[in-house]
file final.pdb (PDB, C-alpha atoms and all ligand atoms)
ATOM      1  CA  MET P 213      85.917 152.173  98.904  1.00  0.00           C
ATOM      2  CA  PHE P 214      86.021 148.523  99.881  1.00  0.00           C
ATOM      3  CA  ASP P 215      82.792 146.843  98.714  1.00  0.00           C
ATOM      4  CA  LEU P 216      81.100 144.772 101.422  1.00  0.00           C
ATOM      5  CA  SER P 217      77.978 144.043  99.349  1.00  0.00           C
ATOM      6  CA  PRO P 218      79.055 140.508  98.202  1.00  0.00           C
ATOM      7  CA  TYR P 219      79.179 139.333 101.848  1.00  0.00           C
ATOM      8  CA  ASP P 220      76.703 138.350 104.555  1.00  0.00           C
ATOM      9  CA  ALA P 221      79.440 137.960 107.169  1.00  0.00           C
ATOM     10  CA  ILE P 222      83.037 138.748 108.004  1.00  0.00           C
ATOM     11  CA  VAL P 223      84.999 135.991 109.738  1.00  0.00           C
ATOM     12  CA  PHE P 224      87.926 137.407 111.683  1.00  0.00           C
ATOM     13  CA  ASP P 225      91.060 135.755 112.925  1.00  0.00           C
ATOM     14  CA  LEU P 226      91.712 136.937 116.494  1.00  0.00           C
ATOM     15  CA  ASP P 227      95.426 137.309 117.210  1.00  0.00           C
ATOM     16  CA  GLY P 228      96.963 139.764 114.749  1.00  0.00           C
ATOM     17  CA  VAL P 229      93.602 141.015 113.440  1.00  0.00           C
ATOM     18  CA  ILE P 230      91.385 142.022 116.390  1.00  0.00           C
ATOM     19  CA  VAL P 231      94.258 142.373 118.865  1.00  0.00           C
ATOM     20  CA  SER P 232      97.972 141.787 118.776  1.00  0.00           C
ATOM     21  CA  THR P 233      99.237 139.377 121.413  1.00  0.00           C
ATOM     22  CA  ASP P 234     102.183 138.361 119.208  1.00  0.00           C
ATOM     23  CA  GLU P 235     104.662 139.947 121.623  1.00  0.00           C
ATOM     24  CA  GLN P 236     103.272 137.913 124.539  1.00  0.00           C
ATOM     25  CA  HIS P 237     103.510 134.707 122.437  1.00  0.00           C
ATOM     26  CA  TYR P 238     107.089 135.651 121.478  1.00  0.00           C
ATOM     27  CA  LEU P 239     108.189 136.404 125.054  1.00  0.00           C
ATOM     28  CA  ALA P 240     106.612 133.217 126.417  1.00  0.00           C
ATOM     29  CA  TRP P 241     108.275 131.014 123.769  1.00  0.00           C
ATOM     30  CA  LYS P 242     111.570 132.886 124.304  1.00  0.00           C
ATOM     31  CA  MET P 243     111.418 132.045 128.012  1.00  0.00           C
ATOM     32  CA  ILE P 244     111.098 128.327 127.127  1.00  0.00           C
ATOM     33  CA  ALA P 245     113.882 128.539 124.530  1.00  0.00           C
ATOM     34  CA  ASP P 246     116.221 130.315 126.992  1.00  0.00           C
ATOM     35  CA  ASP P 247     115.440 127.829 129.786  1.00  0.00           C
ATOM     36  CA  GLU P 248     116.271 124.933 127.442  1.00  0.00           C
ATOM     37  CA  GLY P 249     119.266 126.562 125.676  1.00  0.00           C
ATOM     38  CA  ILE P 250     117.527 126.482 122.277  1.00  0.00           C
ATOM     39  CA  PRO P 251     118.315 129.264 119.758  1.00  0.00           C
ATOM     40  CA  TYR P 252     115.199 131.338 119.027  1.00  0.00           C
ATOM     41  CA  SER P 253     114.489 134.442 116.930  1.00  0.00           C
ATOM     42  CA  ARG P 254     111.733 136.714 115.595  1.00  0.00           C
ATOM     43  CA  GLU P 255     111.961 134.819 112.269  1.00  0.00           C
ATOM     44  CA  ILE P 256     111.201 131.530 114.007  1.00  0.00           C
ATOM     45  CA  ASN P 257     108.389 133.277 115.916  1.00  0.00           C
ATOM     46  CA  ASN P 258     106.871 134.466 112.601  1.00  0.00           C
ATOM     47  CA  ARG P 259     106.520 130.837 111.513  1.00  0.00           C
ATOM     48  CA  GLN P 260     104.452 130.141 114.657  1.00  0.00           C
ATOM     49  CA  ARG P 261     101.824 132.733 113.681  1.00  0.00           C
ATOM     50  CA  GLY P 262      98.348 131.209 113.371  1.00  0.00           C
ATOM     51  CA  VAL P 263      99.458 127.630 114.096  1.00  0.00           C
ATOM     52  CA  SER P 264      98.441 125.640 117.187  1.00  0.00           C
ATOM     53  CA  ARG P 265     100.391 125.585 120.445  1.00  0.00           C
ATOM     54  CA  MET P 266     101.832 122.068 119.980  1.00  0.00           C
ATOM     55  CA  GLU P 267     102.756 122.736 116.343  1.00  0.00           C
ATOM     56  CA  SER P 268     104.373 126.013 117.457  1.00  0.00           C
ATOM     57  CA  LEU P 269     106.430 124.006 119.956  1.00  0.00           C
ATOM     58  CA  ASP P 270     107.557 121.667 117.164  1.00  0.00           C
ATOM     59  CA  VAL P 271     108.723 124.724 115.178  1.00  0.00           C
ATOM     60  CA  LEU P 272     110.739 125.917 118.207  1.00  0.00           C
ATOM     61  CA  LEU P 273     112.227 122.436 118.773  1.00  0.00           C
ATOM     62  CA  GLU P 274     113.587 122.201 115.203  1.00  0.00           C
ATOM     63  CA  ALA P 275     116.724 123.945 116.525  1.00  0.00           C
ATOM     64  CA  ALA P 276     116.933 121.930 119.773  1.00  0.00           C
ATOM     65  CA  PRO P 277     120.205 120.069 120.404  1.00  0.00           C
ATOM     66  CA  LYS P 278     118.374 117.070 121.933  1.00  0.00           C
ATOM     67  CA  ALA P 279     115.117 115.155 121.491  1.00  0.00           C
ATOM     68  CA  TYR P 280     112.239 115.618 123.949  1.00  0.00           C
ATOM     69  CA  SER P 281     109.690 113.033 125.097  1.00  0.00           C
ATOM     70  CA  GLN P 282     105.952 113.685 124.679  1.00  0.00           C
ATOM     71  CA  ALA P 283     105.643 114.241 128.449  1.00  0.00           C
ATOM     72  CA  GLU P 284     108.431 116.842 128.334  1.00  0.00           C
ATOM     73  CA  LYS P 285     106.778 118.547 125.344  1.00  0.00           C
ATOM     74  CA  ASN P 286     103.428 118.691 127.142  1.00  0.00           C
ATOM     75  CA  GLU P 287     105.130 120.242 130.175  1.00  0.00           C
ATOM     76  CA  MET P 288     106.895 122.859 128.008  1.00  0.00           C
ATOM     77  CA  ALA P 289     103.642 123.782 126.239  1.00  0.00           C
ATOM     78  CA  PHE P 290     101.938 124.097 129.644  1.00  0.00           C
ATOM     79  CA  ARG P 291     104.749 126.311 130.990  1.00  0.00           C
ATOM     80  CA  LYS P 292     104.628 128.484 127.869  1.00  0.00           C
ATOM     81  CA  ASN P 293     100.887 128.924 128.201  1.00  0.00           C
ATOM     82  CA  GLU P 294     101.122 129.889 131.893  1.00  0.00           C
ATOM     83  CA  GLU P 295     103.642 132.613 130.950  1.00  0.00           C
ATOM     84  CA  TYR P 296     101.443 133.714 127.996  1.00  0.00           C
ATOM     85  CA  LYS P 297      98.375 133.917 130.261  1.00  0.00           C
ATOM     86  CA  ARG P 298     100.331 136.157 132.660  1.00  0.00           C
ATOM     87  CA  GLY P 299     101.209 138.341 129.640  1.00  0.00           C
ATOM     88  CA  ILE P 300      97.601 138.726 128.458  1.00  0.00           C
ATOM     89  CA  SER P 301      96.113 139.267 131.922  1.00  0.00           C
ATOM     90  CA  PHE P 302      96.534 143.030 131.471  1.00  0.00           C
ATOM     91  CA  LEU P 303      94.702 143.195 128.087  1.00  0.00           C
ATOM     92  CA  LYS P 304      91.926 145.793 127.912  1.00  0.00           C
ATOM     93  CA  PRO P 305      89.427 147.007 125.264  1.00  0.00           C
ATOM     94  CA  GLY P 306      91.770 149.879 124.346  1.00  0.00           C
ATOM     95  CA  ASP P 307      94.333 147.307 123.141  1.00  0.00           C
ATOM     96  CA  MET P 308      92.262 146.392 120.086  1.00  0.00           C
ATOM     97  CA  LEU P 309      94.129 147.140 116.853  1.00  0.00           C
ATOM     98  CA  GLU P 310      93.509 150.567 115.399  1.00  0.00           C
ATOM     99  CA  GLY P 311      90.177 150.899 113.571  1.00  0.00           C
ATOM    100  CA  MET P 312      88.891 147.512 114.732  1.00  0.00           C
ATOM    101  CA  PRO P 313      86.231 148.774 117.209  1.00  0.00           C
ATOM    102  CA  GLU P 314      84.887 151.029 114.442  1.00  0.00           C
ATOM    103  CA  ILE P 315      84.904 148.187 111.867  1.00  0.00           C
ATOM    104  CA  LEU P 316      82.982 145.892 114.247  1.00  0.00           C
ATOM    105  CA  ALA P 317      80.428 148.641 114.949  1.00  0.00           C
ATOM    106  CA  LEU P 318      80.002 149.369 111.219  1.00  0.00           C
ATOM    107  CA  LEU P 319      79.229 145.713 110.465  1.00  0.00           C
ATOM    108  CA  LYS P 320      76.461 145.712 113.108  1.00  0.00           C
ATOM    109  CA  GLU P 321      75.105 148.969 111.671  1.00  0.00           C
ATOM    110  CA  LYS P 322      74.999 147.436 108.165  1.00  0.00           C
ATOM    111  CA  GLY P 323      73.367 144.219 109.440  1.00  0.00           C
ATOM    112  CA  LEU P 324      76.319 141.997 108.504  1.00  0.00           C
ATOM    113  CA  LYS P 325      77.168 139.078 110.747  1.00  0.00           C
ATOM    114  CA  SER P 326      80.608 138.687 112.280  1.00  0.00           C
ATOM    115  CA  ALA P 327      82.498 135.686 113.638  1.00  0.00           C
ATOM    116  CA  ILE P 328      85.848 134.659 115.095  1.00  0.00           C
ATOM    117  CA  ALA P 329      87.939 131.789 113.673  1.00  0.00           C
ATOM    118  CA  SER P 330      91.030 131.413 115.859  1.00  0.00           C
ATOM    119  CA  SER P 331      93.593 128.668 116.517  1.00  0.00           C
ATOM    120  CA  SER P 332      93.919 129.874 120.092  1.00  0.00           C
ATOM    121  CA  LYS P 333      92.609 127.938 123.073  1.00  0.00           C
ATOM    122  CA  ASN P 334      92.769 131.249 124.954  1.00  0.00           C
ATOM    123  CA  THR P 335      90.143 132.832 122.659  1.00  0.00           C
ATOM    124  CA  ASN P 336      87.424 133.153 125.315  1.00  0.00           C
ATOM    125  CA  THR P 337      89.829 134.736 127.840  1.00  0.00           C
ATOM    126  CA  ILE P 338      91.040 137.260 125.250  1.00  0.00           C
ATOM    127  CA  LEU P 339      87.463 138.149 124.188  1.00  0.00           C
ATOM    128  CA  GLU P 340      86.502 138.612 127.853  1.00  0.00           C
ATOM    129  CA  ARG P 341      89.448 140.958 128.447  1.00  0.00           C
ATOM    130  CA  LEU P 342      88.415 142.967 125.354  1.00  0.00           C
ATOM    131  CA  GLU P 343      84.765 142.994 126.549  1.00  0.00           C
ATOM    132  CA  LEU P 344      83.739 141.265 123.298  1.00  0.00           C
ATOM    133  CA  SER P 345      82.390 137.998 124.761  1.00  0.00           C
ATOM    134  CA  ASN P 346      78.851 138.628 123.498  1.00  0.00           C
ATOM    135  CA  TRP P 347      79.671 140.579 120.357  1.00  0.00           C
ATOM    136  CA  PHE P 348      80.108 137.917 117.672  1.00  0.00           C
ATOM    137  CA  ASP P 349      77.459 135.717 116.038  1.00  0.00           C
ATOM    138  CA  ALA P 350      79.831 132.735 116.213  1.00  0.00           C
ATOM    139  CA  VAL P 351      83.158 132.095 117.957  1.00  0.00           C
ATOM    140  CA  VAL P 352      85.256 129.117 116.832  1.00  0.00           C
ATOM    141  CA  SER P 353      88.451 128.620 118.836  1.00  0.00           C
ATOM    142  CA  GLY P 354      91.367 126.204 119.040  1.00  0.00           C
ATOM    143  CA  SER P 355      89.290 124.175 121.505  1.00  0.00           C
ATOM    144  CA  ASP P 356      86.600 123.473 118.858  1.00  0.00           C
ATOM    145  CA  ILE P 357      88.765 122.036 116.090  1.00  0.00           C
ATOM    146  CA  LYS P 358      90.817 118.914 115.396  1.00  0.00           C
ATOM    147  CA  ALA P 359      93.061 120.282 112.632  1.00  0.00           C
ATOM    148  CA  SER P 360      94.587 123.716 112.975  1.00  0.00           C
ATOM    149  CA  LYS P 361      95.216 126.285 110.197  1.00  0.00           C
ATOM    150  CA  PRO P 362      96.100 125.884 107.292  1.00  0.00           C
ATOM    151  CA  ASP P 363      93.403 123.179 107.419  1.00  0.00           C
ATOM    152  CA  PRO P 364      90.044 124.796 106.462  1.00  0.00           C
ATOM    153  CA  GLU P 365      88.214 123.337 109.510  1.00  0.00           C
ATOM    154  CA  VAL P 366      88.128 126.503 111.656  1.00  0.00           C
ATOM    155  CA  PHE P 367      86.708 128.736 108.879  1.00  0.00           C
ATOM    156  CA  SER P 368      84.339 126.010 107.611  1.00  0.00           C
ATOM    157  CA  LEU P 369      82.959 125.605 111.120  1.00  0.00           C
ATOM    158  CA  ALA P 370      82.512 129.380 111.489  1.00  0.00           C
ATOM    159  CA  ALA P 371      80.394 129.482 108.283  1.00  0.00           C
ATOM    160  CA  GLN P 372      78.433 126.446 109.487  1.00  0.00           C
ATOM    161  CA  TRP P 373      77.762 128.027 112.910  1.00  0.00           C
ATOM    162  CA  LEU P 374      76.683 131.252 111.181  1.00  0.00           C
ATOM    163  CA  GLY P 375      74.372 129.193 108.973  1.00  0.00           C
ATOM    164  CA  LEU P 376      75.909 130.736 105.850  1.00  0.00           C
ATOM    165  CA  ASP P 377      77.454 129.613 102.581  1.00  0.00           C
ATOM    166  CA  PRO P 378      81.247 130.213 102.919  1.00  0.00           C
ATOM    167  CA  ALA P 379      81.120 131.987  99.539  1.00  0.00           C
ATOM    168  CA  LYS P 380      79.127 134.745 101.283  1.00  0.00           C
ATOM    169  CA  CYS P 381      81.808 135.151 103.995  1.00  0.00           C
ATOM    170  CA  LEU P 382      85.016 137.190 103.931  1.00  0.00           C
ATOM    171  CA  CYS P 383      87.983 135.757 105.864  1.00  0.00           C
ATOM    172  CA  VAL P 384      90.229 138.415 107.481  1.00  0.00           C
ATOM    173  CA  GLU P 385      93.654 137.071 108.501  1.00  0.00           C
ATOM    174  CA  ASP P 386      97.226 138.112 109.326  1.00  0.00           C
ATOM    175  CA  ALA P 387      98.883 134.706 108.779  1.00  0.00           C
ATOM    176  CA  LYS P 388      99.725 132.716 105.640  1.00  0.00           C
ATOM    177  CA  ALA P 389      98.318 129.565 107.281  1.00  0.00           C
ATOM    178  CA  GLY P 390      95.100 131.497 107.993  1.00  0.00           C
ATOM    179  CA  ILE P 391      94.666 132.710 104.414  1.00  0.00           C
ATOM    180  CA  GLU P 392      95.107 129.125 103.192  1.00  0.00           C
ATOM    181  CA  SER P 393      92.540 127.976 105.753  1.00  0.00           C
ATOM    182  CA  GLY P 394      89.945 130.599 104.749  1.00  0.00           C
ATOM    183  CA  ARG P 395      90.468 129.966 101.044  1.00  0.00           C
ATOM    184  CA  GLY P 396      90.240 126.203 101.584  1.00  0.00           C
ATOM    185  CA  ALA P 397      86.880 126.766 103.280  1.00  0.00           C
ATOM    186  CA  GLY P 398      85.664 128.574 100.136  1.00  0.00           C
ATOM    187  CA  MET P 399      85.844 132.174 101.397  1.00  0.00           C
ATOM    188  CA  LYS P 400      87.298 135.263  99.768  1.00  0.00           C
ATOM    189  CA  THR P 401      90.329 136.360 101.791  1.00  0.00           C
ATOM    190  CA  LEU P 402      91.552 139.705 103.052  1.00  0.00           C
ATOM    191  CA  GLY P 403      95.095 139.767 104.434  1.00  0.00           C
ATOM    192  CA  ILE P 404      96.486 142.226 106.952  1.00  0.00           C
ATOM    193  CA  GLY P 405     100.230 142.872 107.245  1.00  0.00           C
ATOM    194  CA  PRO P 406     103.421 141.562 105.597  1.00  0.00           C
ATOM    195  CA  SER P 407     102.853 137.787 105.963  1.00  0.00           C
ATOM    196  CA  THR P 408      99.769 137.873 103.724  1.00  0.00           C
ATOM    197  CA  ARG P 409     101.073 140.244 101.043  1.00  0.00           C
ATOM    198  CA  GLY P 410     100.544 138.775  97.552  1.00  0.00           C
ATOM    199  CA  ILE P 411      98.622 135.694  98.716  1.00  0.00           C
ATOM    200  CA  SER P 412      95.167 137.058  99.636  1.00  0.00           C
ATOM    201  CA  ASP P 413      92.351 138.345  97.391  1.00  0.00           C
ATOM    202  CA  PHE P 414      92.557 141.747  99.105  1.00  0.00           C
ATOM    203  CA  HIS P 415      95.341 143.190 101.241  1.00  0.00           C
ATOM    204  CA  PHE P 416      95.970 146.032 103.684  1.00  0.00           C
ATOM    205  CA  GLU P 417      99.171 146.769 105.586  1.00  0.00           C
ATOM    206  CA  GLU P 418      97.309 147.557 108.811  1.00  0.00           C
ATOM    207  CA  THR P 419      93.802 147.244 110.273  1.00  0.00           C
ATOM    208  CA  ARG P 420      93.519 151.048 110.183  1.00  0.00           C
ATOM    209  CA  ASP P 421      93.911 150.958 106.361  1.00  0.00           C
ATOM    210  CA  PHE P 422      91.005 148.496 106.129  1.00  0.00           C
ATOM    211  CA  ALA P 423      88.903 150.846 108.309  1.00  0.00           C
ATOM    212  CA  LEU P 424      89.757 153.816 106.082  1.00  0.00           C
ATOM    213  CA  ALA P 425      88.845 151.797 102.967  1.00  0.00           C
ATOM    214  CA  LEU P 426      85.437 151.176 104.548  1.00  0.00           C
ATOM    215  CA  GLY P 427      84.893 154.928 104.769  1.00  0.00           C
ATOM    216  CA  ILE P 428      85.500 155.122 108.524  1.00  0.00           C
ATOM    217  CA  SER P 429      87.217 158.328 109.626  1.00  0.00           C
ATOM    218  CA  LEU P 430      89.845 157.813 112.297  1.00  0.00           C
ATOM    219  CA  SER P 431      91.368 160.656 114.288  1.00  0.00           C
TER     220      SER P 431
HETATM  221  P1  LIG P 501      97.127 129.206 122.115  1.00  0.00           P
HETATM  222  P2  LIG P 501      95.044 133.140 115.887  1.00  0.00           P
HETATM  223  C1  LIG P 501      96.973 131.792 117.142  1.00  0.00           C
HETATM  224  O1  LIG P 501      95.884 132.666 117.197  1.00  0.00           O
HETATM  225  C2  LIG P 501      98.291 132.535 117.261  1.00  0.00           C
HETATM  226  O2  LIG P 501      98.503 133.363 116.126  1.00  0.00           O
HETATM  227  C3  LIG P 501      99.428 131.543 117.325  1.00  0.00           C
HETATM  228  O3  LIG P 501     100.668 132.228 117.482  1.00  0.00           O
HETATM  229  C4  LIG P 501      99.207 130.589 118.510  1.00  0.00           C
HETATM  230  O4  LIG P 501     100.224 129.589 118.552  1.00  0.00           O
HETATM  231  C5  LIG P 501      97.843 129.918 118.343  1.00  0.00           C
HETATM  232  O5  LIG P 501      96.828 130.914 118.257  1.00  0.00           O
HETATM  233  C6  LIG P 501      97.519 128.995 119.508  1.00  0.00           C
HETATM  234  O6  LIG P 501      97.352 129.777 120.648  1.00  0.00           O
HETATM  235  O7  LIG P 501      98.456 128.738 122.629  1.00  0.00           O
HETATM  236  O8  LIG P 501      96.593 130.415 122.862  1.00  0.00           O
HETATM  237  O9  LIG P 501      96.116 128.098 122.034  1.00  0.00           O
HETATM  238  O10 LIG P 501      95.981 134.003 115.095  1.00  0.00           O
HETATM  239  O11 LIG P 501      94.573 131.895 115.149  1.00  0.00           O
HETATM  240  O12 LIG P 501      93.899 133.908 116.519  1.00  0.00           O
HETATM  241 MG    MG P 502      96.453 135.550 113.555  1.00  0.00          MG
END
call {"tool": "encode", "arguments": {"input": "final.pdb", "output": "structure tokens"}}
result
Amino acid sequence: MFDLSPYDAIVFDLDGVIVSTDEQHYLAWKMIADDEGIPYSREINNRQRGVSRMESLDVLLEAAPKAYSQAEKNEMAFRKNEEYKRGISFLKPGDMLEGMPEILALLKEKGLKSAIASSSKNTNTILERLELSNWFDAVVSGSDIKASKPDPEVFSLAAQWLGLDPAKCLCVEDAKAGIESGRGAGMKTLGIGPSTRGISDFHFEETRDFALALGISLS
């Protein structure tokens, strides 16, 4: 059984932990890459996981045959986000990753606090679509921070808004940059999926495995 007793709170990343909107990010960036004639792949997309929109654009532009002005970059990021927003407009509570609704309910039952620490400026929209707007004790999004993951700012701010010592918080992340951010903030880290294998204090392949380790029975 996974031991929750050392923690007063769990601080969750959003995309890739609570819900997976990776495919919508991928398709939106692919649309930009295709429009501009820039080669793009799933591998490149993996490197955009957990990092901010403008930094994700810089990753995509590494393979661009020409240089872009700041105004052009801003326009591309805007266009990508419009396409992404279309993609997430159909999200519903049933799209949460397997075991996650049960994990969130268990934390409430045990009196542990929970928070979101996300790089996404679409955090509030996603939480609304999942009917989780009022669930968490603190929500830190890409709109609240200056430096995105792997900088510790987003997880440090979550602990601060919870009023807790980061050492009493567990960071749950699917991205390498996110694990580095949580660790930098002074939290123990739990990684989900292949990108965090071998780099986090605890690791599960899928959210459902974390739920099972907490003693939750899933059908
Ligand atoms: P937005 P997370 C991150 O969310 C995504 O993993 C990453 O792919 C995206 O570039 C970033 O949010 C910014 O998203 O364009 O919506 O502001 O994993 O930190 O919850
Ligand atoms: Mg993530």
call {"tool": "residues_near_ligand", "arguments": {"input": "final.pdb", "ligand": "ligand MG 502 (chain P)", "cutoff": "6 Å", "atoms": "all atoms listed in the file", "output": "list of chain:residue names"}}
result
P:Asp225, P:Leu226, P:Asp227, P:Gly228, P:Gly262, P:Glu385, P:Asp386, P:Ala387
call {"tool": "residues_near_ligand", "arguments": {"input": "final.pdb", "ligand": "ligand LIG 501 (chain P)", "cutoff": "6 Å", "atoms": "only C-alpha atoms and all ligand atoms", "output": "PyMOL selection string"}}
result
chain P and resi 225-228+260-265+268+330-334+354
call {"tool": "residues_around", "arguments": {"input": "final.pdb", "residues": "range 396-398 of chain P", "least_positions_apart": "5", "cutoff": "8 Å", "atoms": "all atoms listed in the file", "output": "list of chain:residue names"}}
result
P:Asp363, P:Pro364, P:Glu365, P:Phe367, P:Ser368, P:Pro378, P:Ala379
call {"tool": "closest_residue", "arguments": {"input": "final.pdb", "among": "P:Leu374, P:Glu417, P:Ile222, P:Ser301", "to": "Leu318 in chain P", "atoms": "all atoms listed in the file"}}
result
P:Ile222
call {"tool": "atom_distance", "arguments": {"input": "final.pdb", "atom1": "CA of Trp241 in chain P", "atom2": "CA of Leu272 in chain P"}}
result
7.9 Å
call {"tool": "resolve_selection", "arguments": {"input": "final.pdb", "expression": "the PyMOL selection byres (((chain P and resi 335) around 12) and not hetatm)", "output": "PyMOL selection string"}}
result
chain P and resi 225-227+230-231+233+297+300+328-334+336-342+344-345+351-356
call {"tool": "closest_residue", "arguments": {"input": "final.pdb", "among": "P:Ala359, P:Leu382, P:Ile411, P:Val271", "to": "Asp215 in chain P", "atoms": "only C-alpha atoms"}}
result
P:Leu382
call {"tool": "atom_distance", "arguments": {"input": "final.pdb", "atom1": "CA of Asn293 in chain P", "atom2": "CA of Glu267 in chain P"}}
result
13.5 Å
call {"tool": "atom_distance", "arguments": {"input": "final.pdb", "atom1": "CA of Phe224 in chain P", "atom2": "CA of Ser326 in chain P"}}
result
7.5 Å
call {"tool": "residues_around", "arguments": {"input": "final.pdb", "residues": "Ser217 in chain P", "least_positions_apart": "3", "cutoff": "12 Å", "atoms": "only C-alpha atoms", "output": "MDAnalysis selection string"}}
result
chainID P and resid 213:214 220:222 319 322:324 380:382 426
call {"tool": "resolve_selection", "arguments": {"input": "final.pdb", "expression": "the PyMOL selection byres (((chain P and resi 253) around 12) and not hetatm)", "output": "ChimeraX atom specification"}}
result
/P:238-239,241-243,245-246,250-252,254-260,271-272,275
call {"tool": "closest_residue", "arguments": {"input": "final.pdb", "among": "P:Phe414, P:Tyr219, P:Trp373, P:Tyr280", "to": "Leu402 in chain P", "atoms": "all atoms listed in the file"}}
result
P:Phe414
call {"tool": "resolve_selection", "arguments": {"input": "final.pdb", "expression": "the PyMOL selection byres (((chain P and resi 389) around 7) and not hetatm)", "output": "list in words"}}
result
Gly262, Lys361, Pro362, Ala387, Lys388, Gly390, Ile391, Glu392 and Ser393 of chain P
call {"tool": "residues_around", "arguments": {"input": "final.pdb", "residues": "Leu309 in chain P", "least_positions_apart": "3", "cutoff": "9 Å", "atoms": "all atoms listed in the file", "output": "PyMOL selection string"}}
result
chain P and resi 228-232+306+312-313+418-420
call {"tool": "write_last_selection", "arguments": {"input": "final.pdb", "atoms": "C-alpha atoms", "output": "PDB file, in the coordinates of the input"}}
result
ATOM      1  CA  GLY P 228      96.963 139.764 114.749  1.00  0.00           C
ATOM      2  CA  VAL P 229      93.602 141.015 113.440  1.00  0.00           C
ATOM      3  CA  ILE P 230      91.385 142.022 116.390  1.00  0.00           C
ATOM      4  CA  VAL P 231      94.258 142.373 118.865  1.00  0.00           C
ATOM      5  CA  SER P 232      97.972 141.787 118.776  1.00  0.00           C
ATOM      6  CA  GLY P 306      91.770 149.879 124.346  1.00  0.00           C
ATOM      7  CA  MET P 312      88.891 147.512 114.732  1.00  0.00           C
ATOM      8  CA  PRO P 313      86.231 148.774 117.209  1.00  0.00           C
ATOM      9  CA  GLU P 418      97.309 147.557 108.811  1.00  0.00           C
ATOM     10  CA  THR P 419      93.802 147.244 110.273  1.00  0.00           C
ATOM     11  CA  ARG P 420      93.519 151.048 110.183  1.00  0.00           C
TER      12      ARG P 420
END
call {"tool": "closest_residue", "arguments": {"input": "final.pdb", "among": "P:Ala240, P:Ala317, P:Met308, P:Leu273", "to": "Glu294 in chain P", "atoms": "all atoms listed in the file"}}
result
P:Ala240
call {"tool": "build_atoms", "arguments": {"input": "final.pdb", "residues": "range 426-430 of chain P", "atoms": "all heavy atoms", "output": "CSV table (one decimal), in the frame of the given file"}}
result
chain,number,residue,atom,x,y,z
P,426,LEU,N,86.9,151.4,104.3
P,426,LEU,CA,85.4,151.2,104.5
P,426,LEU,C,84.7,152.5,104.8
P,426,LEU,O,83.5,152.5,105.1
P,426,LEU,CB,85.2,150.3,105.8
P,426,LEU,CG,85.6,148.8,105.6
P,426,LEU,CD1,85.5,148.1,106.9
P,426,LEU,CD2,84.6,148.1,104.6
P,427,GLY,N,85.5,153.6,104.6
P,427,GLY,CA,84.9,154.9,104.8
P,427,GLY,C,84.8,155.4,106.2
P,427,GLY,O,84.1,156.4,106.5
P,428,ILE,N,85.5,154.7,107.1
P,428,ILE,CA,85.5,155.1,108.5
P,428,ILE,C,86.5,156.2,108.7
P,428,ILE,O,87.7,156.1,108.2
P,428,ILE,CB,85.9,153.9,109.4
P,428,ILE,CG1,84.8,152.9,109.3
P,428,ILE,CG2,86.1,154.3,110.9
P,428,ILE,CD1,85.1,151.5,109.9
P,429,SER,N,86.2,157.3,109.4
P,429,SER,CA,87.2,158.3,109.6
P,429,SER,C,87.8,158.1,111.0
P,429,SER,O,87.1,158.0,112.0
P,429,SER,CB,86.7,159.8,109.5
P,429,SER,OG,85.4,159.8,109.8
P,430,LEU,N,89.1,158.0,111.0
P,430,LEU,CA,89.8,157.8,112.3
P,430,LEU,C,90.6,159.1,112.6
P,430,LEU,O,91.1,159.7,111.7
P,430,LEU,CB,90.8,156.6,112.1
P,430,LEU,CG,90.2,155.3,111.8
P,430,LEU,CD1,91.3,154.3,111.4
P,430,LEU,CD2,89.4,154.7,112.9
